[in-house]
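As provided, query-v3.cif (mmCIF, C-alpha atoms and all ligand atoms) reads as follows.
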data_structure
loop_
_atom_site.label_atom_id
_atom_site.label_comp_id
_atom_site.auth_asym_id
_atom_site.auth_seq_id
_atom_site.Cartn_x
_atom_site.Cartn_y
_atom_site.Cartn_z
CA MET A 1 50.61 161.32 -107.37
CA ARG A 2 53.32 163.90 -106.61
CA SER A 3 53.28 165.75 -103.29
CA LYS A 4 53.87 169.10 -105.04
CA SER A 5 52.70 169.89 -108.57
CA VAL A 6 55.48 169.96 -111.16
CA PRO A 7 55.15 172.46 -114.04
CA LEU A 8 54.99 170.70 -117.38
CA LEU A 9 54.76 172.09 -120.92
CA LEU A 10 52.51 169.86 -122.99
CA HIS A 11 53.00 169.90 -126.74
CA VAL A 12 49.46 169.66 -128.15
CA CYS A 13 48.77 168.39 -131.65
CA CYS A 14 45.02 169.01 -131.34
CA ALA A 15 42.31 169.57 -128.73
CA PRO A 16 40.69 166.10 -128.97
CA CYS A 17 44.00 164.44 -128.05
CA MET A 18 44.62 166.93 -125.26
CA THR A 19 41.35 166.19 -123.46
CA VAL A 20 42.52 162.90 -121.96
CA VAL A 21 46.28 163.54 -121.82
CA GLN A 22 45.98 166.80 -119.85
CA LYS A 23 43.65 165.18 -117.34
CA ALA A 24 45.86 162.10 -116.90
CA LEU A 25 49.00 164.19 -116.36
CA SER A 26 47.14 166.49 -113.95
CA ARG A 27 46.03 163.45 -111.94
CA GLU A 28 49.70 162.53 -111.64
CA GLY A 29 50.40 165.92 -110.12
CA PHE A 30 51.70 167.89 -113.09
CA ALA A 31 50.64 171.52 -113.54
CA VAL A 32 50.05 171.47 -117.29
CA THR A 33 50.47 174.38 -119.67
CA ALA A 34 49.38 173.56 -123.22
CA PHE A 35 51.76 174.49 -126.04
CA PHE A 36 50.75 174.79 -129.69
CA TYR A 37 53.60 174.56 -132.16
CA ASN A 38 52.61 172.64 -135.28
CA PRO A 39 54.00 174.21 -138.46
CA ASN A 40 53.49 170.82 -140.11
CA ILE A 41 49.73 171.37 -140.41
CA HIS A 42 48.77 172.24 -143.96
CA PRO A 43 47.01 174.27 -145.25
CA PHE A 44 46.99 177.30 -142.94
CA LYS A 45 43.18 177.23 -142.73
CA GLU A 46 43.32 173.70 -141.30
CA ARG A 47 45.99 174.77 -138.81
CA GLN A 48 43.78 177.68 -137.72
CA ARG A 49 40.76 175.44 -137.31
CA ARG A 50 42.67 173.07 -135.03
CA LEU A 51 44.10 176.01 -133.09
CA GLU A 52 40.67 177.64 -132.66
CA THR A 53 39.28 174.35 -131.31
CA LEU A 54 42.17 174.13 -128.87
CA THR A 55 41.83 177.76 -127.78
CA ALA A 56 38.12 177.29 -127.07
CA TYR A 57 38.66 174.06 -125.14
CA SER A 58 41.61 175.42 -123.11
CA GLY A 59 39.58 178.52 -122.26
CA SER A 60 36.57 176.51 -121.12
CA GLU A 61 38.73 174.24 -118.94
CA GLY A 62 41.00 177.00 -117.59
CA ILE A 63 44.14 175.42 -119.05
CA PRO A 64 46.96 177.91 -119.73
CA LEU A 65 47.88 177.94 -123.43
CA GLU A 66 51.07 179.12 -125.14
CA ILE A 67 50.93 179.54 -128.92
CA VAL A 68 53.74 179.86 -131.43
CA GLU A 69 52.14 182.02 -134.11
CA ALA A 70 54.93 181.59 -136.67
CA TYR A 71 54.04 179.43 -139.67
CA PRO A 72 57.30 178.77 -141.55
CA LEU A 73 55.79 176.86 -144.46
CA GLU A 74 58.82 176.89 -146.78
CA GLU A 75 61.19 175.74 -144.04
CA ASN A 76 58.84 173.03 -142.93
CA ILE A 77 58.22 171.61 -146.40
CA ARG A 78 61.95 171.77 -147.18
CA MET A 79 62.70 169.88 -143.96
CA LEU A 80 60.11 167.20 -144.71
CA LEU A 81 61.33 166.78 -148.30
CA GLU A 82 64.97 166.48 -147.28
CA ALA A 83 64.39 164.18 -144.30
CA GLU A 84 65.34 160.53 -144.43
CA ASN A 85 62.23 159.83 -142.37
CA ARG A 86 59.91 162.80 -142.58
CA CYS A 87 57.74 161.83 -139.59
CA TYR A 88 60.73 161.42 -137.31
CA SER A 89 62.01 164.86 -138.40
CA CYS A 90 58.53 166.29 -137.85
CA PHE A 91 58.38 164.84 -134.30
CA GLU A 92 61.91 166.05 -133.62
CA ASP A 93 61.15 169.58 -134.78
CA ARG A 94 57.99 169.93 -132.71
CA LEU A 95 59.43 168.32 -129.58
CA SER A 96 62.73 170.24 -129.77
CA VAL A 97 60.89 173.56 -129.90
CA THR A 98 58.72 172.42 -126.97
CA ALA A 99 61.74 171.33 -124.92
CA ASP A 100 63.56 174.61 -125.60
CA ARG A 101 60.47 176.60 -124.66
CA ALA A 102 60.04 174.61 -121.43
CA HIS A 103 63.63 175.44 -120.57
CA GLU A 104 63.10 179.16 -121.34
CA MET A 105 59.98 179.18 -119.16
CA GLY A 106 61.83 177.56 -116.26
CA MET A 107 59.76 174.39 -116.50
CA PRO A 108 61.55 171.15 -115.65
CA ALA A 109 59.50 168.89 -117.90
CA PHE A 110 57.60 168.56 -121.16
CA SER A 111 55.42 165.96 -122.81
CA THR A 112 53.27 165.50 -125.91
CA THR A 113 49.72 164.54 -126.80
CA LEU A 114 51.14 162.46 -129.67
CA SER A 115 51.42 159.69 -127.08
CA VAL A 116 47.67 159.02 -127.27
CA SER A 117 47.66 158.08 -130.96
CA PRO A 118 47.52 154.41 -131.93
CA TYR A 119 48.40 155.48 -135.48
CA GLN A 120 51.75 157.13 -134.79
CA ASN A 121 55.03 155.36 -134.23
CA GLN A 122 55.57 155.67 -130.48
CA GLU A 123 59.20 154.51 -130.61
CA GLN A 124 60.01 157.42 -132.92
CA ILE A 125 58.18 159.83 -130.63
CA ILE A 126 60.11 158.57 -127.58
CA LYS A 127 63.44 158.84 -129.40
CA ALA A 128 62.69 162.36 -130.65
CA GLY A 129 61.46 163.44 -127.20
CA GLU A 130 64.47 162.04 -125.37
CA ASN A 131 66.93 163.66 -127.80
CA ALA A 132 65.14 167.00 -127.42
CA ALA A 133 65.15 166.65 -123.62
CA PHE A 134 68.87 165.91 -123.55
CA LYS A 135 69.72 168.94 -125.70
CA ALA A 136 67.50 171.36 -123.73
CA GLY A 137 68.33 170.03 -120.26
CA VAL A 138 64.73 169.24 -119.29
CA GLU A 139 62.91 165.97 -118.66
CA PHE A 140 60.72 164.29 -121.28
CA ILE A 141 57.70 162.77 -119.58
CA TYR A 142 56.45 159.96 -121.78
CA ARG A 143 53.39 157.92 -120.96
CA ASP A 144 51.74 155.43 -123.28
CA PHE A 145 48.23 156.88 -123.36
CA ARG A 146 46.98 154.84 -126.33
CA ASP A 147 44.42 153.09 -124.14
CA LEU A 148 42.75 156.52 -123.69
CA TYR A 149 42.36 157.14 -127.43
CA LYS A 150 38.73 155.94 -127.55
CA ASP A 151 37.90 158.19 -124.60
CA SER A 152 39.38 161.15 -126.47
CA ILE A 153 37.06 160.43 -129.40
CA ARG A 154 34.04 160.15 -127.12
CA ILE A 155 34.84 163.37 -125.21
CA SER A 156 35.52 165.34 -128.37
CA ARG A 157 32.22 164.15 -129.89
CA GLU A 158 30.30 165.00 -126.72
CA ASN A 159 31.83 168.49 -126.81
CA GLY A 160 31.16 168.99 -130.53
CA MET A 161 34.84 169.48 -131.24
CA TYR A 162 36.33 169.58 -134.72
CA ARG A 163 38.22 166.35 -135.47
CA GLN A 164 40.67 166.29 -138.34
CA SER A 165 40.75 163.56 -140.95
CA TYR A 166 44.51 163.50 -141.62
CA CYS A 167 47.69 163.86 -139.61
CA GLY A 168 48.73 167.31 -140.75
CA CYS A 169 51.26 167.76 -143.55
CA VAL A 170 50.41 168.03 -147.23
CA PHE A 171 51.74 164.49 -147.75
CA SER A 172 49.42 163.01 -145.15
CA GLU A 173 46.53 164.96 -146.68
CA ARG A 174 47.27 163.20 -149.99
CA ASP A 175 48.09 159.81 -148.48
CA ARG A 176 44.62 159.28 -147.01
CA TYR A 177 43.18 159.10 -150.55
CA PHE A 178 45.85 156.72 -151.82
CA LYS A 179 45.97 154.51 -148.68
CA ILE A 180 49.69 155.25 -148.33
CA LYS A 181 51.27 155.02 -144.87
CA SER A 182 53.59 157.84 -143.79
CA PRO A 183 56.89 156.66 -142.27
CA GLY A 184 55.75 157.62 -138.75
CA MET A 185 52.38 155.88 -138.98
CA ILE A 186 51.64 152.30 -138.01
S1 LIG B 1 52.39 162.40 -141.50
FE1 LIG B 1 52.15 163.57 -139.59
S2 LIG B 1 53.97 163.12 -138.35
FE2 LIG B 1 54.41 162.49 -140.47
S3 LIG B 1 55.38 164.31 -141.39
FE3 LIG B 1 53.23 164.46 -141.84
S4 LIG B 1 52.37 165.72 -140.19
FE4 LIG B 1 54.38 165.02 -139.50
#
Let me see the structure of the file written as structure tokens.
Amino acid sequence: MRSKSVPLLLHVCCAPCMTVVQKALSREGFAVTAFFYNPNIHPFKERQRRLETLTAYSGSEGIPLEIVEAYPLEENIRMLLEAENRCYSCFEDRLSVTADRAHEMGMPAFSTTLSVSPYQNQEQIIKAGENAAFKAGVEFIYRDFRDLYKDSIRISRENGMYRQSYCGCVFSERDRYFKIKSPGMI
């Protein structure tokens, strides 16, 4: 527990994952502001549904929320198609924008709710987060929150939250039917 709360910008993939991560970081003494930047989520309707769930939850819990409204679909799909490892590029994009925004807002640190997922490659997330932190001049706070994943499911069910059935991009939406693993999934 820190003696004085440290402002932290938390990249949020979805509200169910934020439930446990925000509370755990707050217990450590971070003053968390949620940050929604996920142009990877396809289609737009799905992105809006996840965002609406997050907006409702943040409002009910009094958690400040910053939203990037832009939805650069062409750029995002081009980036994923051209990437050597599309999940790593996807993590890097989202965490770089979060790190830059933390810097602009005068916040010394950022983190991500991706750290609660047992299905995502945590080594890739750490590498992308640390690279983004180095470039922006802020600290990447990584915690392995995978042991809280079941709690996030329970809390989201108790609160009647929408829970998505695929990671986000159009490829992951297809892959669930073909039992294909994306390069950032384990
Ligand atoms: S599977 Fe998930 S992490 Fe990988 S590119 Fe698609 S949305 Fe991004």
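Close to (39.5, 176.7, -123.2), meaning no more than 12 Å away when counting only C-alpha atoms, sit the residues Ala15, Met18, Thr19, Thr33, Ala34, Leu51, Glu52, Thr53, Leu54, Thr55, Ala56, Tyr57, Ser58, Gly59, Ser60, Glu61, Gly62, Ile63, Pro64, Leu65, Glu66, Asn159 and Met161 of chain A.
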Go ahead and save the residues from that selection, with C-alpha atoms, as a compact mmCIF listing (two decimals), keeping the file's coordinate frame.
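New file again_6.txt:
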# COMPACT_ATOMS: atom_id res chain seq x y z
CA ALA A 15 42.31 169.57 -128.73
CA MET A 18 44.62 166.93 -125.26
CA THR A 19 41.35 166.19 -123.46
CA THR A 33 50.47 174.38 -119.67
CA ALA A 34 49.38 173.56 -123.22
CA LEU A 51 44.10 176.01 -133.09
CA GLU A 52 40.67 177.64 -132.66
CA THR A 53 39.28 174.35 -131.31
CA LEU A 54 42.17 174.13 -128.87
CA THR A 55 41.83 177.76 -127.78
CA ALA A 56 38.12 177.29 -127.07
CA TYR A 57 38.66 174.06 -125.14
CA SER A 58 41.61 175.42 -123.11
CA GLY A 59 39.58 178.52 -122.26
CA SER A 60 36.57 176.51 -121.12
CA GLU A 61 38.73 174.24 -118.94
CA GLY A 62 41.00 177.00 -117.59
CA ILE A 63 44.14 175.42 -119.05
CA PRO A 64 46.96 177.91 -119.73
CA LEU A 65 47.88 177.94 -123.43
CA GLU A 66 51.07 179.12 -125.14
CA ASN A 159 31.83 168.49 -126.81
CA MET A 161 34.84 169.48 -131.24
Inset, instruction - For Arg176 (chain A), work out the shell of residues within 10 Å, counting only C-alpha atoms and skipping chain neighbours fewer than 6 positions away, then give it as a PyMOL selection string. - result: chain A and resi 165-167+182
C-alpha atoms of the current selection, written as an mmCIF file, in the coordinates of the input:
data_model
loop_
_atom_site.group_PDB
_atom_site.id
_atom_site.type_symbol
_atom_site.label_atom_id
_atom_site.label_comp_id
_atom_site.auth_asym_id
_atom_site.auth_seq_id
_atom_site.Cartn_x
_atom_site.Cartn_y
_atom_site.Cartn_z
ATOM 1 C CA SER A 165 40.750 163.560 -140.950
ATOM 2 C CA TYR A 166 44.510 163.500 -141.620
ATOM 3 C CA CYS A 167 47.690 163.860 -139.610
ATOM 4 C CA SER A 182 53.590 157.840 -143.790
#
Chain A residues near ligand LIG 1 (chain B) within 6 Å, closest pair each, using all atoms listed in the file, as JSON lines:
{"residue": "A:Asn40", "atom": "CA", "partner": "B:LIG1", "partner_atom": "S4", "distance": 5.2}
{"residue": "A:Arg86", "atom": "CA", "partner": "B:LIG1", "partner_atom": "S3", "distance": 4.9}
{"residue": "A:Cys87", "atom": "CA", "partner": "B:LIG1", "partner_atom": "FE2", "distance": 3.5}
{"residue": "A:Cys90", "atom": "CA", "partner": "B:LIG1", "partner_atom": "FE4", "distance": 4.6}
{"residue": "A:Cys167", "atom": "CA", "partner": "B:LIG1", "partner_atom": "FE1", "distance": 4.5}
{"residue": "A:Gly168", "atom": "CA", "partner": "B:LIG1", "partner_atom": "S4", "distance": 4.0}
{"residue": "A:Cys169", "atom": "CA", "partner": "B:LIG1", "partner_atom": "S4", "distance": 4.1}
{"residue": "A:Ser172", "atom": "CA", "partner": "B:LIG1", "partner_atom": "S1", "distance": 4.7}
{"residue": "A:Ser182", "atom": "CA", "partner": "B:LIG1", "partner_atom": "S1", "distance": 5.2}
{"residue": "A:Gly184", "atom": "CA", "partner": "B:LIG1", "partner_atom": "FE2", "distance": 5.3}
Suppose we keep C-alpha atoms; can you now write the selection as a compact mmCIF listing (two decimals), keeping the file's coordinate frame?
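Output contents, as saved in again.txt:
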# COMPACT_ATOMS: atom_id res chain seq x y z
CA ASN A 40 53.49 170.82 -140.11
CA ARG A 86 59.91 162.80 -142.58
CA CYS A 87 57.74 161.83 -139.59
CA CYS A 90 58.53 166.29 -137.85
CA CYS A 167 47.69 163.86 -139.61
CA GLY A 168 48.73 167.31 -140.75
CA CYS A 169 51.26 167.76 -143.55
CA SER A 172 49.42 163.01 -145.15
CA SER A 182 53.59 157.84 -143.79
CA GLY A 184 55.75 157.62 -138.75
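A straight line drawn from CA of Arg146 (chain A) to CA of Phe171 (chain A) is 24.0 Å long.
Proximity ranking of A:Pro16, A:Ser115, A:Leu81, A:Ala132 relative to Arg101 (chain A) places A:Ala132 first, based on all atoms listed in the file.
Computed from the coordinates, the CA of Ile67 (chain A) to CA of Lys181 (chain A) distance equals 29.3 Å.
Among the candidates A:Arg163, A:Arg94, A:Arg143, A:His11, the one nearest to Phe110 (chain A) when counting only C-alpha atoms is A:His11.
For the pair CA of Arg78 (chain A) and CA of Ile41 (chain A), the interatomic distance is 14.0 Å.
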Inset, instruction - For each of A:Val32, A:Ala133, A:Val21, A:Ile153, take the minimum atom-to-atom distance to Thr98 (chain A), counting only C-alpha atoms, then give the residue where this is smallest. - result: A:Ala133
Legend entry - Pick from A:Lys23, A:Val97, A:Phe36, A:Gly160, whichever lies nearest to Gln48 (chain A) using only C-alpha atoms: A:Phe36
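With all atoms listed in the file as the basis for measurement, A:Leu73 is the residue among A:Met185, A:Ala24, A:Leu148, A:Leu73 that approaches Phe44 (chain A) most closely.
Of the listed residues (A:His42, A:Glu158, A:Ile180, A:Ser26), A:His42 comes nearest to Glu74 (chain A); the distances count only C-alpha atoms.
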Legend entry - Shell around Asn131 (chain A) at 12 Å using only C-alpha atoms, local window under 5 positions removed, as a list in words: Tyr88, Ser89, Phe91, Glu92, Asp93, Arg94, Leu95, Ser96, Val97, Ala99, Asp100, Gln124, Ile125, Ile126, Ala136, Gly137, Val138, Glu139 and Phe140 of chain A
